[in-house]
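A.B. asks: Compact mmCIF, C-alpha atoms, saved as data_27.txt, coming up:
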# COMPACT_ATOMS: atom_id res chain seq x y z
CA MET A 1379 -1.29 28.30 -31.59
CA LEU A 1380 -0.65 25.68 -28.91
CA VAL A 1381 1.91 26.57 -26.25
CA VAL A 1382 3.07 24.35 -23.40
CA ARG A 1383 3.95 26.54 -20.43
CA ALA A 1384 4.62 26.51 -16.71
CA ILE A 1385 1.37 26.37 -14.76
CA GLN A 1386 0.16 29.55 -13.04
CA ALA A 1387 -1.88 30.20 -9.92
CA ASP A 1388 -4.93 31.34 -11.92
CA ASP A 1389 -5.09 28.02 -13.82
CA LEU A 1390 -6.78 26.25 -10.88
CA ASP A 1391 -10.37 26.32 -12.12
CA ALA A 1392 -9.44 25.16 -15.62
CA LEU A 1393 -7.21 22.44 -14.15
CA TYR A 1394 -10.08 21.17 -12.02
CA VAL A 1395 -12.40 21.02 -15.02
CA MET A 1396 -9.78 19.05 -16.93
CA ALA A 1397 -9.33 16.62 -14.01
CA THR A 1398 -13.04 15.76 -14.20
CA GLN A 1399 -12.39 14.35 -17.69
CA VAL A 1400 -9.61 11.95 -16.65
CA GLY A 1401 -11.51 9.03 -15.12
CA SER A 1402 -10.16 6.45 -12.67
CA GLY A 1403 -6.64 5.07 -12.57
CA MET A 1404 -4.62 8.31 -12.56
CA THR A 1405 -3.99 9.03 -8.89
CA THR A 1406 -2.02 12.24 -9.52
CA LEU A 1407 -4.87 14.07 -11.26
CA LYS A 1408 -8.12 13.83 -9.33
CA PRO A 1409 -11.05 16.32 -9.40
CA ASP A 1410 -10.51 17.39 -5.80
CA MET A 1411 -10.29 21.17 -5.49
CA LYS A 1412 -8.24 21.17 -2.29
CA MET A 1413 -5.79 18.60 -3.61
CA MET A 1414 -5.51 20.47 -6.91
CA GLY A 1415 -5.01 23.77 -5.11
CA ASP A 1416 -2.30 22.37 -2.83
CA ARG A 1417 -0.50 20.79 -5.74
CA LEU A 1418 -0.72 23.92 -7.87
CA ALA A 1419 0.78 25.96 -5.01
CA ILE A 1420 3.72 23.55 -4.89
CA ALA A 1421 4.11 23.79 -8.67
CA VAL A 1422 4.20 27.59 -8.60
CA ALA A 1423 6.78 27.46 -5.80
CA SER A 1424 8.78 24.93 -7.82
CA PHE A 1425 9.15 27.22 -10.82
CA ALA A 1426 9.94 30.10 -8.45
CA GLU A 1427 12.65 27.93 -6.82
CA THR A 1428 11.40 28.69 -3.32
CA ILE A 1429 11.35 25.02 -2.22
CA ALA A 1430 14.04 22.32 -2.31
CA PRO A 1431 14.52 20.52 -5.68
CA GLU A 1432 13.51 17.12 -4.31
CA LYS A 1433 10.16 18.55 -3.12
CA ARG A 1434 9.31 20.21 -6.41
CA ASP A 1435 6.43 19.28 -8.68
CA TYR A 1436 6.75 21.00 -12.04
CA MET A 1437 3.34 21.12 -13.72
CA PHE A 1438 2.90 22.21 -17.33
CA VAL A 1439 -0.28 23.07 -19.19
CA MET A 1440 -0.96 23.19 -22.91
CA GLU A 1441 -2.79 26.39 -23.77
CA ASP A 1442 -4.67 27.17 -26.95
CA THR A 1443 -3.65 30.81 -27.35
CA ASP A 1444 -6.47 31.46 -29.84
CA THR A 1445 -9.14 30.69 -27.24
CA GLY A 1446 -7.29 30.77 -23.91
CA ARG A 1447 -8.50 27.22 -23.25
CA LEU A 1448 -6.32 24.64 -21.50
CA ALA A 1449 -5.93 21.59 -23.72
CA GLY A 1450 -3.73 19.37 -21.59
CA VAL A 1451 -1.52 18.95 -18.55
CA CYS A 1452 1.63 17.02 -17.59
CA ALA A 1453 4.16 17.13 -14.78
CA ILE A 1454 7.58 16.15 -13.42
CA LYS A 1455 8.01 15.37 -9.72
CA GLY A 1456 11.52 16.04 -8.44
CA ALA A 1457 11.66 12.88 -6.31
CA VAL A 1458 9.06 10.36 -5.11
CA GLY A 1459 8.75 8.50 -1.85
CA LEU A 1460 10.66 10.93 0.38
CA ASN A 1461 7.65 12.12 2.36
CA GLU A 1462 5.50 9.00 2.08
CA PRO A 1463 6.25 5.42 0.97
CA PHE A 1464 6.33 4.75 -2.76
CA TYR A 1465 5.26 1.19 -3.52
CA ASN A 1466 5.53 -1.01 -6.59
CA TYR A 1467 5.57 -4.68 -7.33
CA ARG A 1468 8.86 -5.98 -8.66
CA ILE A 1469 8.41 -8.99 -10.92
CA GLY A 1470 10.86 -11.66 -9.82
CA THR A 1471 11.53 -15.37 -10.19
CA LEU A 1472 11.71 -18.20 -7.69
CA VAL A 1473 13.11 -21.58 -8.69
CA HIS A 1474 12.04 -24.85 -7.05
CA SER A 1475 13.82 -28.09 -7.88
CA SER A 1476 14.08 -31.65 -6.66
CA ARG A 1477 16.92 -33.77 -7.94
CA GLU A 1478 15.28 -36.90 -6.55
CA LEU A 1479 12.05 -36.29 -8.44
CA GLU A 1480 13.78 -34.65 -11.40
CA VAL A 1481 11.46 -31.67 -11.12
CA PHE A 1482 12.52 -28.12 -11.94
CA THR A 1483 10.03 -25.24 -11.85
CA ARG A 1484 10.49 -21.52 -12.43
CA MET A 1485 7.78 -19.43 -10.79
CA GLU A 1486 7.10 -15.76 -11.51
CA THR A 1487 6.53 -13.73 -8.34
CA LEU A 1488 5.51 -10.24 -7.23
CA TYR A 1489 7.55 -8.55 -4.49
CA LEU A 1490 6.22 -5.47 -2.69
CA SER A 1491 9.04 -2.99 -3.23
CA ASN A 1492 10.25 0.52 -2.40
CA ASP A 1493 13.15 0.22 -4.87
CA LEU A 1494 12.20 3.31 -6.88
CA THR A 1495 12.14 5.68 -3.90
CA GLY A 1496 13.90 8.95 -4.68
CA SER A 1497 13.46 8.74 -8.45
CA THR A 1498 12.28 11.68 -10.56
CA GLU A 1499 8.82 10.91 -11.93
CA LEU A 1500 7.01 11.87 -15.13
CA CYS A 1501 3.31 11.96 -14.31
CA SER A 1502 -0.14 13.48 -14.79
CA LEU A 1503 -0.16 13.40 -18.59
CA PHE A 1504 -3.63 14.17 -19.93
CA LEU A 1505 -4.69 15.64 -23.27
CA HIS A 1506 -8.29 16.74 -23.70
CA PRO A 1507 -10.13 14.59 -26.27
CA ASP A 1508 -10.87 17.67 -28.40
CA TYR A 1509 -7.13 18.10 -29.00
CA ARG A 1510 -6.10 14.52 -29.66
CA THR A 1511 -5.04 15.17 -33.23
CA GLY A 1512 -1.81 15.67 -35.15
CA ASN A 1513 1.29 16.18 -33.06
CA ASN A 1514 -0.46 17.62 -30.00
CA GLY A 1515 0.14 14.55 -27.85
CA LYS A 1516 3.84 14.50 -28.72
CA LEU A 1517 4.20 18.19 -27.93
CA LEU A 1518 2.60 17.76 -24.51
CA SER A 1519 4.54 14.64 -23.54
CA LYS A 1520 7.94 15.61 -24.88
CA CYS A 1521 8.04 19.12 -23.38
CA ARG A 1522 9.19 17.48 -20.16
CA PHE A 1523 12.29 16.01 -21.76
CA LEU A 1524 13.36 19.37 -23.14
CA PHE A 1525 12.82 20.88 -19.68
CA ILE A 1526 14.99 18.17 -18.10
CA ALA A 1527 17.67 18.68 -20.76
CA GLN A 1528 17.76 22.40 -19.99
CA PHE A 1529 17.83 21.95 -16.21
CA PRO A 1530 19.34 18.48 -15.55
CA HIS A 1531 20.83 19.57 -12.22
CA LEU A 1532 17.31 19.73 -10.74
CA PHE A 1533 16.62 16.02 -11.16
CA THR A 1534 17.89 12.66 -9.97
CA GLU A 1535 19.72 10.30 -12.30
CA LYS A 1536 16.84 7.80 -12.39
CA LEU A 1537 13.65 8.82 -14.18
CA ILE A 1538 10.42 6.80 -13.94
CA ALA A 1539 6.89 6.95 -15.33
CA GLU A 1540 4.00 4.91 -13.93
CA MET A 1541 1.70 3.91 -16.75
CA ARG A 1542 -2.03 3.55 -16.19
CA GLY A 1543 -2.85 -0.15 -16.07
CA TYR A 1544 -5.34 -2.06 -18.19
CA GLN A 1545 -9.04 -1.69 -17.42
CA GLU A 1546 -12.04 -3.17 -19.16
CA GLU A 1547 -14.52 -0.83 -20.86
CA SER A 1548 -16.68 -1.01 -17.74
CA GLY A 1549 -13.78 0.33 -15.66
CA ARG A 1550 -13.10 -3.03 -14.01
CA SER A 1551 -9.45 -3.75 -13.28
CA PRO A 1552 -8.80 -7.50 -13.71
CA PHE A 1553 -5.58 -7.34 -11.69
CA TYR A 1554 -7.15 -5.51 -8.77
CA GLU A 1555 -10.15 -7.85 -8.71
CA GLY A 1556 -7.82 -10.86 -8.81
CA LEU A 1557 -5.48 -9.67 -6.08
CA GLY A 1558 -5.99 -6.32 -4.38
CA ARG A 1559 -9.65 -6.75 -3.47
CA HIS A 1560 -8.80 -9.80 -1.34
CA PHE A 1561 -6.63 -7.61 0.91
CA PHE A 1562 -8.30 -4.19 0.79
CA LYS A 1563 -11.97 -5.22 0.78
CA MET A 1564 -13.02 -2.11 -1.14
CA ASP A 1565 -13.68 -1.05 -4.73
CA PHE A 1566 -10.82 -0.05 -7.02
CA ASP A 1567 -12.07 3.53 -7.31
CA HIS A 1568 -12.09 3.88 -3.52
CA VAL A 1569 -8.51 2.68 -3.21
CA ASP A 1570 -7.52 4.92 -6.10
CA ALA A 1571 -9.09 7.93 -4.38
CA LEU A 1572 -7.32 7.22 -1.09
CA THR A 1573 -3.89 7.06 -2.70
CA ALA A 1574 -4.62 10.23 -4.68
CA VAL A 1575 -4.94 12.24 -1.46
CA GLY A 1576 -1.83 10.70 0.11
CA LYS A 1577 -3.49 8.11 2.34
CA LYS A 1578 -1.15 5.19 1.71
CA SER A 1579 -0.48 3.74 5.16
CA PHE A 1580 -3.10 1.04 4.53
CA ILE A 1581 -0.88 -0.44 1.82
CA ALA A 1582 1.82 -1.48 4.27
CA GLU A 1583 -0.79 -2.45 6.85
CA LEU A 1584 -2.81 -4.73 4.58
CA MET A 1585 -0.53 -6.05 1.83
CA PRO A 1586 1.58 -9.17 2.47
CA ARG A 1587 5.35 -8.65 2.52
CA GLN A 1588 6.20 -12.15 1.27
CA PRO A 1589 6.44 -12.87 -2.49
CA LEU A 1590 3.14 -13.52 -4.25
CA TYR A 1591 3.08 -16.32 -6.83
CA VAL A 1592 1.67 -15.03 -10.11
CA ALA A 1593 0.44 -18.53 -11.01
CA TYR A 1594 -2.09 -18.31 -8.16
CA LEU A 1595 -3.85 -15.35 -9.76
CA PRO A 1596 -6.87 -15.72 -12.08
CA ASP A 1597 -6.05 -15.92 -15.79
CA ASP A 1598 -7.40 -12.44 -16.59
CA ALA A 1599 -5.30 -10.90 -13.80
CA ARG A 1600 -2.09 -12.60 -14.97
CA GLU A 1601 -2.63 -11.53 -18.56
CA VAL A 1602 -2.71 -7.79 -17.76
CA ILE A 1603 0.46 -7.57 -15.66
CA GLY A 1604 2.58 -4.90 -17.35
CA LYS A 1605 -0.21 -4.03 -19.81
CA VAL A 1606 -1.32 -0.41 -20.21
CA HIS A 1607 -4.79 1.09 -20.41
CA THR A 1608 -5.99 1.37 -24.02
CA SER A 1609 -5.89 5.18 -23.91
CA THR A 1610 -2.37 5.09 -22.43
CA ALA A 1611 -0.75 3.01 -25.19
CA PRO A 1612 0.23 6.06 -27.31
CA ALA A 1613 1.83 7.72 -24.26
CA ARG A 1614 3.89 4.62 -23.60
CA ARG A 1615 5.20 4.57 -27.16
CA LEU A 1616 6.23 8.22 -26.91
CA LEU A 1617 8.15 7.61 -23.70
CA GLU A 1618 9.91 4.61 -25.18
CA GLN A 1619 10.98 6.76 -28.15
CA GLU A 1620 12.70 9.09 -25.70
CA GLY A 1621 14.66 6.36 -23.96
CA LEU A 1622 12.43 4.88 -21.24
CA TYR A 1623 11.97 1.13 -20.97
CA PHE A 1624 10.15 -1.50 -18.90
CA GLU A 1625 12.35 -3.07 -16.24
CA GLY A 1626 9.92 -5.36 -14.41
CA TYR A 1627 8.17 -2.99 -11.99
CA VAL A 1628 4.37 -2.60 -12.00
CA ASP A 1629 1.73 -0.66 -10.09
CA ILE A 1630 0.40 -2.49 -7.03
CA PHE A 1631 -3.25 -1.80 -7.83
CA ASP A 1632 -3.71 -2.18 -11.60
CA ALA A 1633 -0.32 -3.73 -12.59
CA GLY A 1634 0.41 -0.96 -15.09
CA PRO A 1635 4.10 -0.95 -16.14
CA VAL A 1636 6.61 1.45 -14.62
CA LEU A 1637 8.98 2.70 -17.31
CA GLN A 1638 12.39 3.99 -16.31
CA ALA A 1639 15.57 5.48 -17.73
CA ARG A 1640 18.81 7.16 -16.76
CA VAL A 1641 18.46 10.91 -17.29
CA SER A 1642 21.89 11.05 -18.90
CA GLU A 1643 20.76 8.57 -21.58
CA LEU A 1644 17.59 10.40 -22.68
CA ARG A 1645 17.37 11.43 -26.33
CA ALA A 1646 16.84 15.04 -25.28
CA MET A 1647 20.08 15.02 -23.29
CA ARG A 1648 21.96 13.59 -26.24
CA ASP A 1649 20.41 15.37 -29.22
CA SER A 1650 18.91 18.69 -28.10
CA VAL A 1651 20.94 21.80 -28.92
CA LEU A 1652 20.96 25.47 -27.97
CA ALA A 1653 20.47 28.08 -30.69
CA GLN A 1654 20.29 31.86 -30.84
CA VAL A 1655 17.03 33.46 -31.94
CA ALA A 1656 17.03 35.59 -35.09
CA GLY A 1657 13.93 37.30 -36.42
CA THR A 1658 14.61 36.81 -40.14
CA PRO A 1659 16.99 34.59 -42.10
CA ASP A 1660 20.32 36.23 -42.89
CA PRO A 1661 21.62 36.34 -46.48
CA ALA A 1662 23.86 33.35 -45.84
CA GLY A 1663 20.80 31.26 -45.10
CA ALA A 1664 20.95 30.88 -41.33
CA SER A 1665 17.64 29.00 -41.22
CA ALA A 1666 16.11 25.92 -42.72
CA THR A 1667 12.48 24.97 -43.17
CA GLU A 1668 11.82 21.48 -41.86
CA SER A 1669 9.39 18.95 -43.25
CA GLU A 1670 9.25 17.57 -39.71
CA PRO A 1671 8.35 19.83 -36.76
CA VAL A 1672 10.97 20.84 -34.22
CA LEU A 1673 10.41 21.26 -30.48
CA VAL A 1674 11.57 24.70 -29.35
CA SER A 1675 11.64 25.98 -25.78
CA ASN A 1676 12.92 29.06 -24.07
CA THR A 1677 15.56 28.63 -21.38
CA THR A 1678 13.75 30.39 -18.54
CA LEU A 1679 12.89 28.25 -15.53
CA HIS A 1680 10.22 30.45 -13.95
CA ASP A 1681 8.39 31.03 -17.26
CA PHE A 1682 9.22 27.91 -19.27
CA ARG A 1683 7.39 27.79 -22.61
CA MET A 1684 7.59 25.42 -25.59
CA ILE A 1685 6.09 25.23 -29.09
CA LEU A 1686 6.38 23.28 -32.31
CA SER A 1687 8.11 25.09 -35.16
CA GLN A 1688 8.73 24.27 -38.79
CA THR A 1689 12.10 26.01 -38.64
CA ALA A 1690 15.32 24.23 -37.77
CA PRO A 1691 18.49 25.81 -36.39
CA VAL A 1692 21.46 26.22 -38.71
CA ASP A 1693 24.96 26.97 -37.43
CA GLY A 1694 23.59 27.84 -34.01
CA VAL A 1695 20.99 30.33 -35.29
CA MET A 1696 17.21 29.85 -35.40
CA ALA A 1697 15.06 32.24 -37.46
CA LEU A 1698 11.75 32.27 -35.61
CA PRO A 1699 8.74 34.23 -36.90
CA ALA A 1700 7.50 37.02 -34.67
CA ALA A 1701 4.45 35.03 -33.55
CA GLU A 1702 6.62 32.13 -32.38
CA GLN A 1703 8.98 34.48 -30.57
CA ALA A 1704 6.00 36.01 -28.80
CA ALA A 1705 4.70 32.58 -27.82
CA LEU A 1706 8.07 31.73 -26.29
CA ARG A 1707 8.46 35.23 -24.80
CA CYS A 1708 11.88 35.61 -26.33
CA THR A 1709 13.51 38.12 -28.67
CA ASP A 1710 16.42 38.28 -31.10
CA GLY A 1711 19.62 37.16 -29.46
CA ASP A 1712 17.95 35.02 -26.78
CA ALA A 1713 18.84 31.34 -26.43
CA VAL A 1714 16.35 28.57 -27.17
CA ARG A 1715 16.69 24.79 -26.87
CA THR A 1716 15.62 22.67 -29.84
CA LEU A 1717 15.02 18.99 -30.53
CA SER A 1718 13.49 17.18 -33.49
CA LEU A 1719 9.97 16.06 -32.63
CA ASN A 1720 10.66 12.54 -33.84
CA PRO A 1721 13.84 10.52 -33.33
CA ARG A 1722 16.22 10.49 -36.27
CA LYS A 1723 18.80 7.90 -37.15
CA ASN A 1724 21.35 10.66 -37.72
CA PRO A 1725 20.04 13.67 -35.78
CA HIS A 1726 22.99 15.96 -36.57
CA VAL A 1727 23.13 15.34 -40.31
Can you give me the file's structure in the form of structure tokens?

C.D. replies:
Amino acid sequence: MLVVRAIQADDLDALYVMATQVGSGMTTLKPDMKMMGDRLAIAVASFAETIAPEKRDYMFVMEDTDTGRLAGVCAIKGAVGLNEPFYNYRIGTLVHSSRELEVFTRMETLYLSNDLTGSTELCSLFLHPDYRTGNNGKLLSKCRFLFIAQFPHLFTEKLIAEMRGYQEESGRSPFYEGLGRHFFKMDFDHVDALTAVGKKSFIAELMPRQPLYVAYLPDDAREVIGKVHTSTAPARRLLEQEGLYFEGYVDIFDAGPVLQARVSELRAMRDSVLAQVAGTPDPAGASATESEPVLVSNTTLHDFRMILSQTAPVDGVMALPAAEQAALRCTDGDAVRTLSLNPRKNPHV
């Protein structure tokens, strides 16, 4: 059985091994043991509530309980940009016109921006290739929304997710080669590694503050602005299903889109419900077998756990088999939060 759970201190070695599989472009998940160890310590403190909410970094791992192997990882950062600058490009428009010449031009521009400072961030989503089947990706990605729905007071109203930008099969980033290299004078992987370990001062020191005209960029750089990495396309679709959308902000290195949403407008906030666990269906039929899986989580912050179940709640009661109760570490009478895996047109019918 696959269980998504709060990360634990003894997951460090397995997390490092998983980070070696990620490749370039994901600055929040690098195979650096010190960085991983520091981040894991913050994550453990986050679930223990021993640090302030805005400093928290909730990391979740997907565990294959049959083998003990970690199959994936994802995270929620309480707020970004409060300890170090958080940069994006905001896509804007400048208009130039001359009445005398009867010329009117609309030019797309890139503004270096800190507009998203303080937002809660979804990040570090990675599913091991061996587990990229069925609903595993949905389970891993959507666990974060159920967590937010259960503990909304821990997060800011604005939620963002930086998507990995487009790269060619060789690993070349057309946007970085067309723009960033001119200012940073180093390879994309080097810049990526620096930002991963928090060394971001060079961004403000080297990047121009004035608007950059998109038309001046090479064709291949312009074409990938707001375009995701091929392996990231499924993750983007999942986030859009849950209520995130593209609002014109992109990453400053690879131009990957930044999706955003209001927490209060997420599907999980609107449609998830609490139910009481029951071991077996009662005679009145207080359970229903679903053709579509249902996300089910416990309601415990320090030991958050989530699974997929084929059982749906009925009249506030959810009949979970013993194995599923054990996976969630709950018993009869405990509360669980549930949400259909896929959006429905009429979720309460």

A.B. asks: For the atom pair CA of Pro1431 in chain A and CA of Leu1532 in chain A, what is the interatomic distance in Å to one decimal place?

C.D. replies: 5.8 Å

A.B. asks: Pick from A:Pro1612, A:Pro1721, A:Gly1496, A:Pro1596: nearest to Ser1650 in chain A, with all atoms listed in the file counted?

C.D. replies: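 The closest residue to Ser1650 in chain A is A:Pro1721.
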
A.B. asks: Env of Ala1611 in chain A: 12 Å cut, atoms = all atoms listed in the file, seq-sep filter 3 positions within chain, self excluded. Answer as a ChimeraX atom specification.

C.D. replies: /A:1515,1541-1544,1604-1608,1614-1618,1634-1635

A.B. asks: Measuring atom to atom with all atoms listed in the file, identify which of A:Glu1540, A:Glu1546, A:Glu1625, A:Glu1702 is nearest to Lys1455 in chain A.

C.D. replies: A:Glu1540

A.B. asks: Which is closest to Tyr1436 in chain A among A:Gly1626, A:Gly1450, A:Gly1456, A:Pro1589, if we use only C-alpha atoms?

C.D. replies: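 Among A:Gly1626, A:Gly1450, A:Gly1456, A:Pro1589, it is A:Gly1456 that comes nearest to Tyr1436 in chain A.
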
A.B. asks: Can you pull out the residues contacting Gly1459 in chain A? Cut-off 9 Å, using all atoms listed in the file, and skip same-chain residues under 2 positions away; I want them as a list in words.

C.D. replies: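 Here the qualifying residues turn out to be Ala1457, Asn1461, Glu1462, Pro1463, Phe1464, Tyr1465, Asn1492, Leu1494, Thr1495, Gly1496 and Ser1497 of chain A.
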
A.B. asks: Using all atoms listed in the file and a cutoff of 12 Å, can you tell me which residues are near (-7.4, 32.4, -22.7) in the file's coordinates, and write them out as a ChimeraX atom specification?

C.D. replies: /A:1379-1381,1388-1389,1392,1440-1449

A.B. asks: Write a file of the selected residues as a PDB file, in the coordinates of the input, keeping C-alpha atoms.

C.D. replies:
ATOM      1  CA  MET A1379      -1.290  28.300 -31.590  1.00  0.00           C
ATOM      2  CA  LEU A1380      -0.650  25.680 -28.910  1.00  0.00           C
ATOM      3  CA  VAL A1381       1.910  26.570 -26.250  1.00  0.00           C
ATOM      4  CA  ASP A1388      -4.930  31.340 -11.920  1.00  0.00           C
ATOM      5  CA  ASP A1389      -5.090  28.020 -13.820  1.00  0.00           C
ATOM      6  CA  ALA A1392      -9.440  25.160 -15.620  1.00  0.00           C
ATOM      7  CA  MET A1440      -0.960  23.190 -22.910  1.00  0.00           C
ATOM      8  CA  GLU A1441      -2.790  26.390 -23.770  1.00  0.00           C
ATOM      9  CA  ASP A1442      -4.670  27.170 -26.950  1.00  0.00           C
ATOM     10  CA  THR A1443      -3.650  30.810 -27.350  1.00  0.00           C
ATOM     11  CA  ASP A1444      -6.470  31.460 -29.840  1.00  0.00           C
ATOM     12  CA  THR A1445      -9.140  30.690 -27.240  1.00  0.00           C
ATOM     13  CA  GLY A1446      -7.290  30.770 -23.910  1.00  0.00           C
ATOM     14  CA  ARG A1447      -8.500  27.220 -23.250  1.00  0.00           C
ATOM     15  CA  LEU A1448      -6.320  24.640 -21.500  1.00  0.00           C
ATOM     16  CA  ALA A1449      -5.930  21.590 -23.720  1.00  0.00           C
TER      17      ALA A1449
END

A.B. asks: Using only C-alpha atoms, can you list as an mmCIF file with C-alpha atoms, keeping the file's coordinate frame the residues within 9 Å of (-3.4, 15.6, -12.9)?

C.D. replies:
data_model
loop_
_atom_site.group_PDB
_atom_site.id
_atom_site.type_symbol
_atom_site.label_atom_id
_atom_site.label_comp_id
_atom_site.auth_asym_id
_atom_site.auth_seq_id
_atom_site.Cartn_x
_atom_site.Cartn_y
_atom_site.Cartn_z
ATOM 1 C CA LEU A 1393 -7.210 22.440 -14.150
ATOM 2 C CA TYR A 1394 -10.080 21.170 -12.020
ATOM 3 C CA MET A 1396 -9.780 19.050 -16.930
ATOM 4 C CA ALA A 1397 -9.330 16.620 -14.010
ATOM 5 C CA VAL A 1400 -9.610 11.950 -16.650
ATOM 6 C CA MET A 1404 -4.620 8.310 -12.560
ATOM 7 C CA THR A 1405 -3.990 9.030 -8.890
ATOM 8 C CA THR A 1406 -2.020 12.240 -9.520
ATOM 9 C CA LEU A 1407 -4.870 14.070 -11.260
ATOM 10 C CA LYS A 1408 -8.120 13.830 -9.330
ATOM 11 C CA PRO A 1409 -11.050 16.320 -9.400
ATOM 12 C CA MET A 1414 -5.510 20.470 -6.910
ATOM 13 C CA MET A 1437 3.340 21.120 -13.720
ATOM 14 C CA VAL A 1451 -1.520 18.950 -18.550
ATOM 15 C CA CYS A 1452 1.630 17.020 -17.590
ATOM 16 C CA ALA A 1453 4.160 17.130 -14.780
ATOM 17 C CA CYS A 1501 3.310 11.960 -14.310
ATOM 18 C CA SER A 1502 -0.140 13.480 -14.790
ATOM 19 C CA LEU A 1503 -0.160 13.400 -18.590
ATOM 20 C CA PHE A 1504 -3.630 14.170 -19.930
#

A.B. asks: With distances taken over only C-alpha atoms, which residue among A:Ser1609, A:Thr1534, A:Thr1678, A:Ser1551 lies nearest Arg1434 in chain A?

C.D. replies: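 With only C-alpha atoms as the atom set, the closest residue is A:Thr1534.
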
A.B. asks: Which of these, A:Gln1545, A:Ser1519, A:Asn1676, A:Asn1466, has the shortest distance to Cys1708 in chain A once you count all atoms listed in the file?

C.D. replies: A:Asn1676

A.B. asks: What box, with edges along x, y and z, holds each listed atom of range 1489-1504 of chain A when 6 Å is added on every side, and can you state its centre and edge lengths in Å to one decimal, as JSON?

C.D. replies:
{"center_x": 5.1, "center_y": 2.8, "center_z": -11.2, "size_x": 29.5, "size_y": 34.7, "size_z": 29.5}

A.B. asks: If you measure from CA of Glu1547 in chain A to CA of Val1439 in chain A, what distance in Å do you get, rounded to one decimal?

C.D. replies: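 Rounded to one decimal, the two atoms are 27.9 Å apart.
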
A.B. asks: Can you pull out the residues contacting Phe1553 in chain A? Cut-off 10 Å, using all atoms listed in the file, and skip same-chain residues under 2 positions away; I want them as a PyMOL selection string.

C.D. replies: chain A and resi 1543-1545+1550-1551+1555-1559+1595-1603+1630-1634

A.B. asks: Within 10 Å of Glu1535 in chain A, counting all atoms listed in the file, which residues qualify if same-chain residues fewer than 4 places away don't, as a list of chain:residue names?

C.D. replies: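 After dropping sequence-adjacent residues, the list is A:Gly1496, A:Ser1497, A:Thr1498, A:Pro1530, A:His1531, A:Ala1639, A:Arg1640, A:Val1641, A:Ser1642, A:Glu1643.
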
A.B. asks: When you draw a straight line from CA of Ala1653 in chain A to CA of Leu1537 in chain A, how long is it in Å?

C.D. replies: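 Separation between CA of Ala1653 in chain A and CA of Leu1537 in chain A: 26.3 Å.
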
A.B. asks: Using only C-alpha atoms, can you tell me which of A:Arg1477, A:Arg1648, A:Arg1383, A:Arg1522 comes closest to Leu1706 in chain A?

C.D. replies: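 Of A:Arg1477, A:Arg1648, A:Arg1383, A:Arg1522, the one nearest Leu1706 in chain A, counting only C-alpha atoms, is A:Arg1383.
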